[in-house]
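Here the structure comes first, spelled out in structure tokens, and everything after it is commentary.
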Protein chains: 2
Amino acid sequence: MKQQDLFRALADPNRRRILKALQKGSMTAGEIGALFAFTAASLSHHFSILKAADLVRTERRGHHIVYSLNSTVLEDVSRMVLDLFPLTRR
Amino acid sequence: MKQQDLFRALADPNRRRILKALQKGSMTAGEIGALFAFTAASLSHHFSILKAADLVRTERRGHHIVYSLNSTVLEDVSRMVLDLFPLTRR
DNA sequence: ATTAAACTTAGACGATTATCTAAATATTGT
DNA sequence: ACAATATTTAGATAATCGTCTAAGTTTAAT
């Protein structure tokens, strides 16, 4: 299910840090890895979850893989969050 | 940490169902329990996590405990979510 | 074709999590 | 004080999760 993928992806603090790092622009997996302490394998695992939630997009460039934030999901996230609360005005 | 408590609380689908149930108004733990399949103990566990995230408030009434949604957190959640994405205009 | 570089996949391990049963703790009414 | 009701806490168990190492895959350059 889509909604669960999203909430699950956002539940991990390191994944949120990755998302924040990507705010500054697209980066290769290696560049992001350099910012954090974990192994390439762990990073790749996080990316697979972020991709499943459609929070990031990938594009191969040479033998690098460039990751970028998929900002269009923001609407979905917002909707899901708002959906959990009764609106004061509707 | 506050942010982690919030994202963690929202990560579980059953807790999101509880939040949605509370949209219709305050309910006692028992009333909510009647809507779901798990035991009172499990429910209580979920409530403790929702409380830690400040998503619900409690009030004792007789020997019932009334749970209600704390809508003021909505702002915090929204801010946290928006914080993860670069705004198109700022 | 081989090698090197950049990621991913597979498999393992410890930590956290959701759930349960059983026992404990209020609170009210008798 | 005592019993009944409502909820929480403790302790156990199975499943999920984050991380690691080691092996595999893909691309580019020689």
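Letters for chains follow the order of the structure tokens (A, B, ...), residue numbers begin at 1 for each chain, and ligand numbers begin at 1 in the order shown.
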
Check which residues of chain B sit at most 7 Å from chain C using only C-alpha atoms (C1' of nucleotides), and return one row each with the closest pair of atoms and their distance in Å to one decimal, ordered by chain and rising number, as a Markdown table.
```
| residue | atom | partner | partner_atom | distance |
| --- | --- | --- | --- | --- |
| B:Ser42 | CA | C:DT19 | C1' | 6.3 |
| B:Gly62 | CA | C:DT27 | C1' | 6.6 |
| B:His63 | CA | C:DT27 | C1' | 5.1 |
```

Using only C-alpha atoms (C1' of nucleotides), find each residue in chain B having at least one atom no more than 10 Å away from chain D; report its shortest atom-to-atom pair and that distance in Å (one decimal), rows by chain then rising number, as JSON lines.
```
{"residue": "B:Thr28", "atom": "CA", "partner": "D:DA6", "partner_atom": "C1'", "distance": 9.5}
{"residue": "B:Ala29", "atom": "CA", "partner": "D:DT7", "partner_atom": "C1'", "distance": 7.7}
{"residue": "B:Gly30", "atom": "CA", "partner": "D:DA6", "partner_atom": "C1'", "distance": 7.6}
{"residue": "B:Ala40", "atom": "CA", "partner": "D:DT7", "partner_atom": "C1'", "distance": 7.6}
{"residue": "B:Ala41", "atom": "CA", "partner": "D:DT8", "partner_atom": "C1'", "distance": 7.4}
{"residue": "B:Leu43", "atom": "CA", "partner": "D:DT7", "partner_atom": "C1'", "distance": 9.8}
{"residue": "B:Ser44", "atom": "CA", "partner": "D:DT8", "partner_atom": "C1'", "distance": 6.9}
{"residue": "B:His45", "atom": "CA", "partner": "D:DT8", "partner_atom": "C1'", "distance": 8.6}
{"residue": "B:Ser48", "atom": "CA", "partner": "D:DT8", "partner_atom": "C1'", "distance": 9.6}
{"residue": "B:Gly62", "atom": "CA", "partner": "D:DA6", "partner_atom": "C1'", "distance": 9.4}
{"residue": "B:His63", "atom": "CA", "partner": "D:DA6", "partner_atom": "C1'", "distance": 5.8}
{"residue": "B:His64", "atom": "CA", "partner": "D:DA6", "partner_atom": "C1'", "distance": 5.9}
{"residue": "B:Ile65", "atom": "CA", "partner": "D:DT7", "partner_atom": "C1'", "distance": 7.6}
```

Would you mind exporting the chosen residues as a PDB file, in the first residue's frame, restricted to C-alpha atoms?
```pdb
ATOM      1  CA  THR B  28     -13.124   6.095  26.066  1.00  0.00           C
ATOM      2  CA  ALA B  29     -10.421   3.488  25.629  1.00  0.00           C
ATOM      3  CA  GLY B  30     -13.104   0.833  25.809  1.00  0.00           C
ATOM      4  CA  ALA B  40      -6.967  -3.797  25.813  1.00  0.00           C
ATOM      5  CA  ALA B  41      -3.280  -4.213  26.535  1.00  0.00           C
ATOM      6  CA  LEU B  43      -4.573  -0.715  22.673  1.00  0.00           C
ATOM      7  CA  SER B  44      -3.042   0.765  25.789  1.00  0.00           C
ATOM      8  CA  HIS B  45       0.391   0.326  24.285  1.00  0.00           C
ATOM      9  CA  SER B  48       1.110   5.392  25.223  1.00  0.00           C
ATOM     10  CA  GLY B  62     -15.186   8.115  36.421  1.00  0.00           C
ATOM     11  CA  HIS B  63     -13.345   4.888  35.858  1.00  0.00           C
ATOM     12  CA  HIS B  64     -13.182   5.564  32.177  1.00  0.00           C
ATOM     13  CA  ILE B  65     -10.354   7.353  30.520  1.00  0.00           C
TER      14      ILE B  65
END
```

Write out as a ChimeraX atom specification the residues lying within 10 Å of Thr58 of chain A, counting only C-alpha atoms (C1' of nucleotides) and excluding same-chain residues fewer than 5 positions away. /A:26-29,47,51,65-70

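Between atom CA of Arg79 of chain A and atom CA of Gln3 of chain A lies a distance of 10.4 Å.
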
Only residues of chain B matter here; which ones have an atom within 8 Å of chain A, counting only C-alpha atoms? Give them as a PDB file with all heavy atoms, in the first residue's frame.
```
ATOM      1  N   GLN B   4      10.996  12.526  16.247  1.00  0.00           N
ATOM      2  CA  GLN B   4      11.031  11.079  16.059  1.00  0.00           C
ATOM      3  C   GLN B   4       9.800  10.423  16.669  1.00  0.00           C
ATOM      4  O   GLN B   4       9.222   9.492  16.091  1.00  0.00           O
ATOM      5  CB  GLN B   4      12.317  10.511  16.663  1.00  0.00           C
ATOM      6  CG  GLN B   4      12.481   9.025  16.502  1.00  0.00           C
ATOM      7  CD  GLN B   4      12.342   8.570  15.061  1.00  0.00           C
ATOM      8  OE1 GLN B   4      12.506   9.335  14.114  1.00  0.00           O
ATOM      9  NE2 GLN B   4      11.998   7.304  14.881  1.00  0.00           N
ATOM     10  N   PHE B   7       6.902  10.901  14.107  1.00  0.00           N
ATOM     11  CA  PHE B   7       6.965  10.072  12.912  1.00  0.00           C
ATOM     12  C   PHE B   7       6.786   8.600  13.262  1.00  0.00           C
ATOM     13  O   PHE B   7       6.133   7.854  12.542  1.00  0.00           O
ATOM     14  CB  PHE B   7       8.289  10.294  12.171  1.00  0.00           C
ATOM     15  CG  PHE B   7       8.278  11.515  11.306  1.00  0.00           C
ATOM     16  CD1 PHE B   7       9.052  12.625  11.603  1.00  0.00           C
ATOM     17  CD2 PHE B   7       7.477  11.568  10.172  1.00  0.00           C
ATOM     18  CE1 PHE B   7       9.038  13.758  10.803  1.00  0.00           C
ATOM     19  CE2 PHE B   7       7.457  12.691   9.356  1.00  0.00           C
ATOM     20  CZ  PHE B   7       8.241  13.788   9.679  1.00  0.00           C
ATOM     21  N   ARG B   8       7.364   8.222  14.386  1.00  0.00           N
ATOM     22  CA  ARG B   8       7.231   6.823  14.808  1.00  0.00           C
ATOM     23  C   ARG B   8       5.769   6.497  15.093  1.00  0.00           C
ATOM     24  O   ARG B   8       5.263   5.444  14.689  1.00  0.00           O
ATOM     25  CB  ARG B   8       8.069   6.588  16.069  1.00  0.00           C
ATOM     26  CG  ARG B   8       7.922   5.214  16.655  1.00  0.00           C
ATOM     27  CD  ARG B   8       9.025   4.964  17.668  1.00  0.00           C
ATOM     28  NE  ARG B   8       8.573   5.006  19.041  1.00  0.00           N
ATOM     29  CZ  ARG B   8       8.042   3.961  19.690  1.00  0.00           C
ATOM     30  NH1 ARG B   8       7.874   2.808  19.059  1.00  0.00           N
ATOM     31  NH2 ARG B   8       7.678   4.061  20.939  1.00  0.00           N
ATOM     32  N   LEU B  10       3.137   7.792  13.879  1.00  0.00           N
ATOM     33  CA  LEU B  10       2.330   7.760  12.662  1.00  0.00           C
ATOM     34  C   LEU B  10       2.687   6.588  11.755  1.00  0.00           C
ATOM     35  O   LEU B  10       1.952   6.290  10.811  1.00  0.00           O
ATOM     36  CB  LEU B  10       2.496   9.069  11.887  1.00  0.00           C
ATOM     37  CG  LEU B  10       1.945  10.324  12.575  1.00  0.00           C
ATOM     38  CD1 LEU B  10       2.281  11.567  11.778  1.00  0.00           C
ATOM     39  CD2 LEU B  10       0.433  10.195  12.762  1.00  0.00           C
ATOM     40  N   ALA B  11       3.777   5.927  12.033  1.00  0.00           N
ATOM     41  CA  ALA B  11       4.243   4.868  11.142  1.00  0.00           C
ATOM     42  C   ALA B  11       3.368   3.621  11.207  1.00  0.00           C
ATOM     43  O   ALA B  11       3.338   2.834  10.264  1.00  0.00           O
ATOM     44  CB  ALA B  11       5.695   4.515  11.461  1.00  0.00           C
ATOM     45  N   ASP B  12       2.659   3.437  12.295  1.00  0.00           N
ATOM     46  CA  ASP B  12       1.850   2.227  12.426  1.00  0.00           C
ATOM     47  C   ASP B  12       0.425   2.440  11.911  1.00  0.00           C
ATOM     48  O   ASP B  12      -0.268   3.373  12.330  1.00  0.00           O
ATOM     49  CB  ASP B  12       1.809   1.796  13.891  1.00  0.00           C
ATOM     50  CG  ASP B  12       1.031   0.503  14.065  1.00  0.00           C
ATOM     51  OD1 ASP B  12       1.619  -0.560  13.822  1.00  0.00           O
ATOM     52  OD2 ASP B  12      -0.165   0.569  14.417  1.00  0.00           O
ATOM     53  N   PRO B  13      -0.013   1.575  11.016  1.00  0.00           N
ATOM     54  CA  PRO B  13      -1.340   1.745  10.405  1.00  0.00           C
ATOM     55  C   PRO B  13      -2.471   1.676  11.417  1.00  0.00           C
ATOM     56  O   PRO B  13      -3.475   2.390  11.270  1.00  0.00           O
ATOM     57  CB  PRO B  13      -1.430   0.602   9.401  1.00  0.00           C
ATOM     58  CG  PRO B  13      -0.376  -0.362   9.786  1.00  0.00           C
ATOM     59  CD  PRO B  13       0.692   0.416  10.476  1.00  0.00           C
ATOM     60  N   ARG B  16      -2.829   4.959  13.088  1.00  0.00           N
ATOM     61  CA  ARG B  16      -3.492   5.939  12.215  1.00  0.00           C
ATOM     62  C   ARG B  16      -5.002   5.686  12.196  1.00  0.00           C
ATOM     63  O   ARG B  16      -5.790   6.634  12.153  1.00  0.00           O
ATOM     64  CB  ARG B  16      -2.901   5.888  10.802  1.00  0.00           C
ATOM     65  CG  ARG B  16      -1.447   6.335  10.748  1.00  0.00           C
ATOM     66  CD  ARG B  16      -0.993   6.695   9.333  1.00  0.00           C
ATOM     67  NE  ARG B  16      -1.148   5.615   8.372  1.00  0.00           N
ATOM     68  CZ  ARG B  16      -0.227   4.682   8.154  1.00  0.00           C
ATOM     69  NH1 ARG B  16       0.899   4.694   8.822  1.00  0.00           N
ATOM     70  NH2 ARG B  16      -0.440   3.738   7.268  1.00  0.00           N
ATOM     71  N   LEU B  19      -6.408   7.227  15.289  1.00  0.00           N
ATOM     72  CA  LEU B  19      -6.510   8.689  15.134  1.00  0.00           C
ATOM     73  C   LEU B  19      -7.744   9.039  14.308  1.00  0.00           C
ATOM     74  O   LEU B  19      -8.490   9.955  14.653  1.00  0.00           O
ATOM     75  CB  LEU B  19      -5.252   9.242  14.461  1.00  0.00           C
ATOM     76  CG  LEU B  19      -3.971   9.225  15.299  1.00  0.00           C
ATOM     77  CD1 LEU B  19      -2.788   9.709  14.487  1.00  0.00           C
ATOM     78  CD2 LEU B  19      -4.137  10.065  16.553  1.00  0.00           C
ATOM     79  N   LYS B  20      -7.933   8.296  13.240  1.00  0.00           N
ATOM     80  CA  LYS B  20      -9.100   8.586  12.393  1.00  0.00           C
ATOM     81  C   LYS B  20     -10.403   8.356  13.157  1.00  0.00           C
ATOM     82  O   LYS B  20     -11.354   9.139  13.029  1.00  0.00           O
ATOM     83  CB  LYS B  20      -9.074   7.720  11.119  1.00  0.00           C
ATOM     84  CG  LYS B  20      -8.181   8.294  10.041  1.00  0.00           C
ATOM     85  CD  LYS B  20      -8.558   7.812   8.646  1.00  0.00           C
ATOM     86  CE  LYS B  20      -9.790   8.471   8.098  1.00  0.00           C
ATOM     87  NZ  LYS B  20      -9.614   9.896   7.773  1.00  0.00           N
ATOM     88  N   GLN B  23     -11.402  11.232  15.200  1.00  0.00           N
ATOM     89  CA  GLN B  23     -11.862  12.436  14.508  1.00  0.00           C
ATOM     90  C   GLN B  23     -13.327  12.713  14.811  1.00  0.00           C
ATOM     91  O   GLN B  23     -13.754  13.857  14.869  1.00  0.00           O
ATOM     92  CB  GLN B  23     -11.707  12.280  12.999  1.00  0.00           C
ATOM     93  CG  GLN B  23     -10.290  12.363  12.507  1.00  0.00           C
ATOM     94  CD  GLN B  23     -10.224  12.315  10.994  1.00  0.00           C
ATOM     95  OE1 GLN B  23     -11.259  12.274  10.337  1.00  0.00           O
ATOM     96  NE2 GLN B  23      -9.023  12.324  10.465  1.00  0.00           N
ATOM     97  N   LEU B  69      -8.341  13.632  20.310  1.00  0.00           N
ATOM     98  CA  LEU B  69      -7.308  14.046  19.376  1.00  0.00           C
ATOM     99  C   LEU B  69      -6.764  15.404  19.794  1.00  0.00           C
ATOM    100  O   LEU B  69      -7.518  16.298  20.171  1.00  0.00           O
ATOM    101  CB  LEU B  69      -7.959  14.162  18.003  1.00  0.00           C
ATOM    102  CG  LEU B  69      -7.151  13.816  16.769  1.00  0.00           C
ATOM    103  CD1 LEU B  69      -6.553  12.436  16.907  1.00  0.00           C
ATOM    104  CD2 LEU B  69      -8.056  13.876  15.562  1.00  0.00           C
ATOM    105  N   SER B  71      -5.462  18.298  18.178  1.00  0.00           N
ATOM    106  CA  SER B  71      -5.322  18.852  16.832  1.00  0.00           C
ATOM    107  C   SER B  71      -4.207  19.883  16.715  1.00  0.00           C
ATOM    108  O   SER B  71      -3.742  20.181  15.617  1.00  0.00           O
ATOM    109  CB  SER B  71      -6.641  19.495  16.387  1.00  0.00           C
ATOM    110  OG  SER B  71      -7.641  18.505  16.309  1.00  0.00           O
ATOM    111  N   LEU B  74      -1.114  19.134  14.702  1.00  0.00           N
ATOM    112  CA  LEU B  74      -1.180  19.135  13.246  1.00  0.00           C
ATOM    113  C   LEU B  74      -0.190  20.131  12.652  1.00  0.00           C
ATOM    114  O   LEU B  74       0.502  19.828  11.684  1.00  0.00           O
ATOM    115  CB  LEU B  74      -2.601  19.482  12.798  1.00  0.00           C
ATOM    116  CG  LEU B  74      -2.819  19.596  11.301  1.00  0.00           C
ATOM    117  CD1 LEU B  74      -2.373  18.325  10.616  1.00  0.00           C
ATOM    118  CD2 LEU B  74      -4.276  19.873  11.001  1.00  0.00           C
ATOM    119  N   VAL B  77       3.260  18.634  12.793  1.00  0.00           N
ATOM    120  CA  VAL B  77       3.433  17.599  11.781  1.00  0.00           C
ATOM    121  C   VAL B  77       3.629  18.246  10.420  1.00  0.00           C
ATOM    122  O   VAL B  77       4.552  17.909   9.680  1.00  0.00           O
ATOM    123  CB  VAL B  77       2.226  16.654  11.733  1.00  0.00           C
ATOM    124  CG1 VAL B  77       2.466  15.547  10.736  1.00  0.00           C
ATOM    125  CG2 VAL B  77       1.962  16.070  13.101  1.00  0.00           C
ATOM    126  N   SER B  78       2.747  19.188  10.109  1.00  0.00           N
ATOM    127  CA  SER B  78       2.840  19.834   8.801  1.00  0.00           C
ATOM    128  C   SER B  78       4.200  20.494   8.627  1.00  0.00           C
ATOM    129  O   SER B  78       4.840  20.347   7.581  1.00  0.00           O
ATOM    130  CB  SER B  78       1.749  20.886   8.668  1.00  0.00           C
ATOM    131  OG  SER B  78       0.484  20.304   8.888  1.00  0.00           O
ATOM    132  N   VAL B  81       6.837  17.868   7.984  1.00  0.00           N
ATOM    133  CA  VAL B  81       6.754  17.295   6.641  1.00  0.00           C
ATOM    134  C   VAL B  81       7.255  18.299   5.611  1.00  0.00           C
ATOM    135  O   VAL B  81       8.082  17.975   4.762  1.00  0.00           O
ATOM    136  CB  VAL B  81       5.307  16.871   6.317  1.00  0.00           C
ATOM    137  CG1 VAL B  81       5.176  16.545   4.844  1.00  0.00           C
ATOM    138  CG2 VAL B  81       4.917  15.686   7.168  1.00  0.00           C
ATOM    139  N   LEU B  82       6.770  19.516   5.728  1.00  0.00           N
ATOM    140  CA  LEU B  82       7.183  20.540   4.773  1.00  0.00           C
ATOM    141  C   LEU B  82       8.682  20.774   4.861  1.00  0.00           C
ATOM    142  O   LEU B  82       9.344  21.050   3.863  1.00  0.00           O
ATOM    143  CB  LEU B  82       6.441  21.851   5.047  1.00  0.00           C
ATOM    144  CG  LEU B  82       4.955  21.812   4.697  1.00  0.00           C
ATOM    145  CD1 LEU B  82       4.241  23.040   5.248  1.00  0.00           C
ATOM    146  CD2 LEU B  82       4.779  21.735   3.186  1.00  0.00           C
ATOM    147  N   ASP B  83       9.225  20.628   6.056  1.00  0.00           N
ATOM    148  CA  ASP B  83      10.651  20.844   6.255  1.00  0.00           C
ATOM    149  C   ASP B  83      11.488  19.868   5.450  1.00  0.00           C
ATOM    150  O   ASP B  83      12.652  20.133   5.162  1.00  0.00           O
ATOM    151  CB  ASP B  83      10.964  20.722   7.749  1.00  0.00           C
ATOM    152  CG  ASP B  83      12.425  21.024   8.036  1.00  0.00           C
ATOM    153  OD1 ASP B  83      12.894  22.099   7.609  1.00  0.00           O
ATOM    154  OD2 ASP B  83      13.094  20.189   8.663  1.00  0.00           O
ATOM    155  N   LEU B  84      10.896  18.753   5.078  1.00  0.00           N
ATOM    156  CA  LEU B  84      11.649  17.741   4.336  1.00  0.00           C
ATOM    157  C   LEU B  84      11.730  18.051   2.851  1.00  0.00           C
ATOM    158  O   LEU B  84      12.488  17.442   2.124  1.00  0.00           O
ATOM    159  CB  LEU B  84      11.006  16.364   4.539  1.00  0.00           C
ATOM    160  CG  LEU B  84      11.094  15.803   5.954  1.00  0.00           C
ATOM    161  CD1 LEU B  84      10.286  14.531   6.058  1.00  0.00           C
ATOM    162  CD2 LEU B  84      12.547  15.539   6.309  1.00  0.00           C
ATOM    163  N   PHE B  85      10.925  19.002   2.424  1.00  0.00           N
ATOM    164  CA  PHE B  85      10.895  19.297   1.001  1.00  0.00           C
ATOM    165  C   PHE B  85      11.245  20.759   0.759  1.00  0.00           C
ATOM    166  O   PHE B  85      10.875  21.625   1.549  1.00  0.00           O
ATOM    167  CB  PHE B  85       9.507  19.015   0.432  1.00  0.00           C
ATOM    168  CG  PHE B  85       9.155  17.570   0.472  1.00  0.00           C
ATOM    169  CD1 PHE B  85       8.603  17.011   1.609  1.00  0.00           C
ATOM    170  CD2 PHE B  85       9.411  16.757  -0.611  1.00  0.00           C
ATOM    171  CE1 PHE B  85       8.303  15.663   1.660  1.00  0.00           C
ATOM    172  CE2 PHE B  85       9.101  15.424  -0.573  1.00  0.00           C
ATOM    173  CZ  PHE B  85       8.553  14.867   0.567  1.00  0.00           C
ATOM    174  N   PRO B  86      11.955  21.007  -0.321  1.00  0.00           N
ATOM    175  CA  PRO B  86      12.267  22.398  -0.646  1.00  0.00           C
ATOM    176  C   PRO B  86      10.998  23.059  -1.157  1.00  0.00           C
ATOM    177  O   PRO B  86      10.323  22.519  -2.015  1.00  0.00           O
ATOM    178  CB  PRO B  86      13.309  22.276  -1.745  1.00  0.00           C
ATOM    179  CG  PRO B  86      13.073  20.941  -2.356  1.00  0.00           C
ATOM    180  CD  PRO B  86      12.475  20.073  -1.298  1.00  0.00           C
TER     181      PRO B  86
END
```

For atom CA of Glu31 of chain A and atom CA of Asp54 of chain A, the interatomic separation in Å (one decimal):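 Atom-to-atom, atom CA of Glu31 of chain A and atom CA of Asp54 of chain A are spaced 20.5 Å apart.
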
Identify, with DSSP run on backbone atoms, the residues in chain A assigned to strand (DSSP E), and express the list as a short mmCIF file (atom, residue, chain, number, x, y, z; two decimals) with all heavy atoms, in the first residue's frame.
```
data_model
loop_
_atom_site.label_atom_id
_atom_site.label_comp_id
_atom_site.auth_asym_id
_atom_site.auth_seq_id
_atom_site.Cartn_x
_atom_site.Cartn_y
_atom_site.Cartn_z
N MET A 27 22.16 14.39 -6.04
CA MET A 27 23.49 13.92 -5.68
C MET A 27 23.62 12.45 -6.07
O MET A 27 22.62 11.73 -6.11
CB MET A 27 23.71 14.03 -4.16
CG MET A 27 23.60 15.42 -3.60
SD MET A 27 23.67 15.41 -1.78
CE MET A 27 25.45 15.49 -1.53
N THR A 28 24.84 12.04 -6.32
CA THR A 28 25.07 10.62 -6.56
C THR A 28 25.03 9.90 -5.22
O THR A 28 25.23 10.50 -4.16
CB THR A 28 26.44 10.37 -7.20
OG1 THR A 28 27.46 10.69 -6.25
CG2 THR A 28 26.63 11.23 -8.44
N VAL A 56 12.03 9.61 -3.75
CA VAL A 56 13.19 9.99 -4.56
C VAL A 56 13.09 9.36 -5.94
O VAL A 56 12.43 8.35 -6.13
CB VAL A 56 14.52 9.56 -3.90
CG1 VAL A 56 14.69 10.23 -2.55
CG2 VAL A 56 14.61 8.07 -3.78
N ARG A 57 13.75 9.98 -6.87
CA ARG A 57 13.85 9.46 -8.23
C ARG A 57 15.31 9.18 -8.54
O ARG A 57 16.18 9.83 -7.98
CB ARG A 57 13.30 10.48 -9.23
CG ARG A 57 11.80 10.73 -9.10
CD ARG A 57 11.03 9.65 -9.87
NE ARG A 57 9.60 9.63 -9.52
CZ ARG A 57 8.71 10.51 -9.96
NH1 ARG A 57 9.08 11.50 -10.76
NH2 ARG A 57 7.44 10.40 -9.62
N THR A 58 15.56 8.23 -9.43
CA THR A 58 16.94 7.93 -9.77
C THR A 58 17.16 8.08 -11.27
O THR A 58 16.24 7.95 -12.06
CB THR A 58 17.31 6.48 -9.40
OG1 THR A 58 16.54 5.59 -10.20
CG2 THR A 58 17.03 6.23 -7.93
N GLU A 59 18.41 8.35 -11.61
CA GLU A 59 18.77 8.49 -13.00
C GLU A 59 20.23 8.07 -13.13
O GLU A 59 21.08 8.54 -12.37
CB GLU A 59 18.60 9.96 -13.41
CG GLU A 59 19.01 10.28 -14.82
CD GLU A 59 19.30 11.78 -14.96
OE1 GLU A 59 19.03 12.53 -13.99
OE2 GLU A 59 19.83 12.18 -16.00
N ARG A 60 20.48 7.17 -14.05
CA ARG A 60 21.86 6.73 -14.20
C ARG A 60 22.65 7.74 -15.04
O ARG A 60 22.16 8.20 -16.09
CB ARG A 60 21.92 5.34 -14.85
CG ARG A 60 23.29 4.72 -14.82
CD ARG A 60 23.29 3.28 -15.27
NE ARG A 60 23.34 2.33 -14.16
CZ ARG A 60 24.43 2.07 -13.43
NH1 ARG A 60 25.54 2.75 -13.66
NH2 ARG A 60 24.41 1.18 -12.47
N ARG A 61 23.84 8.07 -14.57
CA ARG A 61 24.71 8.99 -15.31
C ARG A 61 26.11 8.41 -15.23
O ARG A 61 26.76 8.48 -14.19
CB ARG A 61 24.65 10.39 -14.67
CG ARG A 61 25.19 11.47 -15.57
CD ARG A 61 24.25 12.68 -15.65
NE ARG A 61 24.08 13.39 -14.38
CZ ARG A 61 23.07 14.22 -14.12
NH1 ARG A 61 22.14 14.45 -15.03
NH2 ARG A 61 22.99 14.83 -12.95
N HIS A 64 27.64 6.44 -12.27
CA HIS A 64 27.03 6.96 -11.06
C HIS A 64 25.52 6.83 -11.18
O HIS A 64 24.99 6.74 -12.29
CB HIS A 64 27.39 8.44 -10.88
CG HIS A 64 28.85 8.67 -10.65
ND1 HIS A 64 29.41 8.71 -9.41
CD2 HIS A 64 29.86 8.86 -11.52
CE1 HIS A 64 30.71 8.92 -9.52
NE2 HIS A 64 31.01 9.02 -10.79
N ILE A 65 24.87 6.82 -10.05
CA ILE A 65 23.42 6.90 -10.06
C ILE A 65 23.03 8.14 -9.28
O ILE A 65 23.42 8.31 -8.13
CB ILE A 65 22.78 5.64 -9.46
CG1 ILE A 65 23.08 4.44 -10.38
CG2 ILE A 65 21.28 5.83 -9.32
CD1 ILE A 65 22.44 3.16 -9.94
N VAL A 66 22.33 9.01 -9.97
CA VAL A 66 21.99 10.29 -9.36
C VAL A 66 20.62 10.20 -8.71
O VAL A 66 19.64 9.76 -9.32
CB VAL A 66 21.97 11.40 -10.43
CG1 VAL A 66 21.60 12.74 -9.79
CG2 VAL A 66 23.33 11.49 -11.10
N TYR A 67 20.57 10.60 -7.46
CA TYR A 67 19.32 10.61 -6.72
C TYR A 67 18.80 12.02 -6.60
O TYR A 67 19.57 12.95 -6.36
CB TYR A 67 19.51 10.02 -5.31
CG TYR A 67 19.56 8.52 -5.32
CD1 TYR A 67 20.76 7.85 -5.50
CD2 TYR A 67 18.40 7.78 -5.17
CE1 TYR A 67 20.80 6.46 -5.53
CE2 TYR A 67 18.44 6.40 -5.19
CZ TYR A 67 19.64 5.75 -5.37
OH TYR A 67 19.65 4.39 -5.40
N SER A 68 17.50 12.16 -6.76
CA SER A 68 16.92 13.49 -6.54
C SER A 68 15.57 13.35 -5.85
O SER A 68 14.89 12.33 -5.93
CB SER A 68 16.78 14.24 -7.86
OG SER A 68 16.13 13.43 -8.81
N LEU A 69 15.24 14.40 -5.14
CA LEU A 69 13.99 14.45 -4.40
C LEU A 69 12.82 14.52 -5.36
O LEU A 69 12.84 15.24 -6.34
CB LEU A 69 14.03 15.73 -3.54
CG LEU A 69 13.37 15.72 -2.19
CD1 LEU A 69 13.89 14.57 -1.35
CD2 LEU A 69 13.66 17.04 -1.49
#
```

All helix (DSSP H, G or I) residues (DSSP, backbone) inside segment 12-47 of chain B, as a ChimeraX atom specification: /B:13-22,29-35,40-47

Separation of atom CA of Ala37 of chain B from atom CA of Leu50 of chain B, in Å and rounded to one decimal: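 Spanning atom CA of Ala37 of chain B to atom CA of Leu50 of chain B is a straight-line distance of 18.2 Å.
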